[in-house]
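Presented below is the structure to which this report refers.
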Amino acid sequence: MHLDFLQSHAWQVSLGRFVVLLAVSLAVGWWFGAPLYAALIALSGYSVWSLVSLYQMQSWLRSRQRRPPPEDRGVWSDISAHMYTKLHAERSRKRRLVNLLRAFREGAAALPDGVVVLTRGRSVVWFNEAAARLLGLAAPRDRGAHIDGFLPLPVRSWLTEDPAQEPLREVASNLDEAIRLSFRLIPYSRDHLLLVVRDVTPLARLEQVRRDFVANVSHELRTPLTVLHGYLEMLEPEVMPQLAPVLADLRGQSRRMTQIVEDLLTLSRLEAQQQINDAERVSIRALLSTLRREAEGLSQGRHRVDIVQSCDSDLRGSTDYLHSAFSNLVSNAVRYTAEGGRIELSWQATANGGARFAVADTGYGIPAEHLPRITERFYRVSTSRSRESGGTGLGLSIVKHVLQLHQARLEIQSEVGVGSTFSCVFARERLLAPEVLMDETHAH
């Protein structure tokens with residue numbers, strides 16, 4: 001039978017020693033007439049020597065000195081050498097990992113964006129210098145502290161919802177109101193989160209310059225457009241029949257330009273506004289009735305308009321702003337739905353306790369590649385169709401900003417040739433119990 005361990009030099013040495021020791025002891029014992037006693041003494045000595053070698057190897061393993069293992073050219077030496085090689089390789093691997101971690105930490109510390117490592121309970125594990133500067137953290141004092149004590153109130157509310165879905169943009173810093181920060185939360189392991197903080201103050205200033213420019217230009221255009229529109233209204237087509245088509249076209253374009261200017265001014269006001277009056281109750285039932293009348297008036301009997309209401313809750317927010325946003329969605333549905341189509345206005349509860357206002361139509365539909373950009377100002381899926389329908393390209397931008405002021409979001413589902421559904425999703429905190437139910441409760 002072939003045995004691999006017999007080919008090992010260490011085992012050959014150890015077995016050779018054992019055989020020689022046993023043979024010598026038997027020979028000596030035979031000479032004195034007690035071979036068994038001699039063999040027993042030899043085996044006991046060999047056992048003691050093995051225990052001493054084991055003790056030496058244990059001492060070598062426990063010692064913190066990086067000296068080579070003891071050498072006796074036996075199997076213990078081979079085991080020690082093998083363990084020494086493994087330990088040396090493990091030390092090298094740990095050294096490389098430590099150097100790599102140090103390089104990563106130095107790289108994270110040098111980032112211009114703030115980086116905070118958090119536990120699932122949002123306790124601070126580590127942060128870089130940028131995070132210390134932007135949030136007011138100090139090492140090592142704030143390691144282990146809860147991050148909420150260093151965050152603005154909107155960020156705390158954002159963290160309690162679903163922060164991994166969308167970053168939070170342009171929040172005023174706790175340390176300086178003039179500093180605008182953006183926040184992104186990245187789960188990167190089972191037990192840790194990464195909070196990335198970025199100073200967007202320069203971008204916010206540029207955005208403010210752009211908003212001011214648009215608002216000023218729009219405001220300056222309002223007066224000449226009003227004068228131009230007034231003079232066009234004074235010109236009667238009956239007096240100059242040959243110019244009737246030209247006057248009709250001029251009046252149409254004048255009204256369209258006026259509407260664009262008004263929408264730009266509305267959008268500028270929405271962008272400049274940080275919050276709304278939350279004390280106002282928005283009656284959804286009354287708002288749905290108003291929207292239905294507007295849709296039927298705009299449709300002129302060319303579409304079927306239905307209302308589906310399975311949620312009785314009202315909203316806390318601005319009636320004017322919400323009416324403007326919902327009305328934009330309704331007018332878009334009427335404009336982009338062919339004659340004979342159906343438009344449905346619905347107010348329904350969501351699974352997480354919130355509510356959803358939706359406008360569904362059986363119109364042309366929107367190709368999937370346009371959906372990510374459809375809320376951008378002046379973005380058009382079909383330029384010719386938008387001009388024919390009288391759209392300004394600003395309606396969905398107004399809707400998006402109104403919903404942001406109400407901590408809501410816009411969801412769009414569309415299929416070409418089937419239709420589109422635009423949904424405004426509101427959180428549970430925005431809902432109010434119906435007034436009728438409240439009156440009954442007070443009566444009891």
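Every chain in the structure tokens takes a letter, A first, then B, and so on in the order presented; its residues are numbered from 1, and the ligands are numbered from 1 following the presented order.
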
**Study point:** Close residues, A:Thr226 itself excluded, 12 Å, only C-alpha atoms, min 3 positions apart in chain, as a count of residues only
**Key:** 19

Point to revise | Non-local contacts of stretch 146-160 of chain A (8 Å; only C-alpha atoms; under 5 positions in same chain excluded) as number ranges by chain | key: A: 118, 122-124, 135-137, 168, 171-174, 183

Practice item. Per DSSP on the backbone, filter stretch 97-196 of chain A down to the residues in strand (DSSP E) and report them as a PyMOL selection string. Key: chain A and resi 114-119+124-127+168-172+180-187+192-196

Practice item. Run DSSP on the backbone and grab whatever in stretch 215-268 of chain A lands in alpha helix (DSSP H); send it over as number ranges by chain. Key: A: 215-234, 244-268
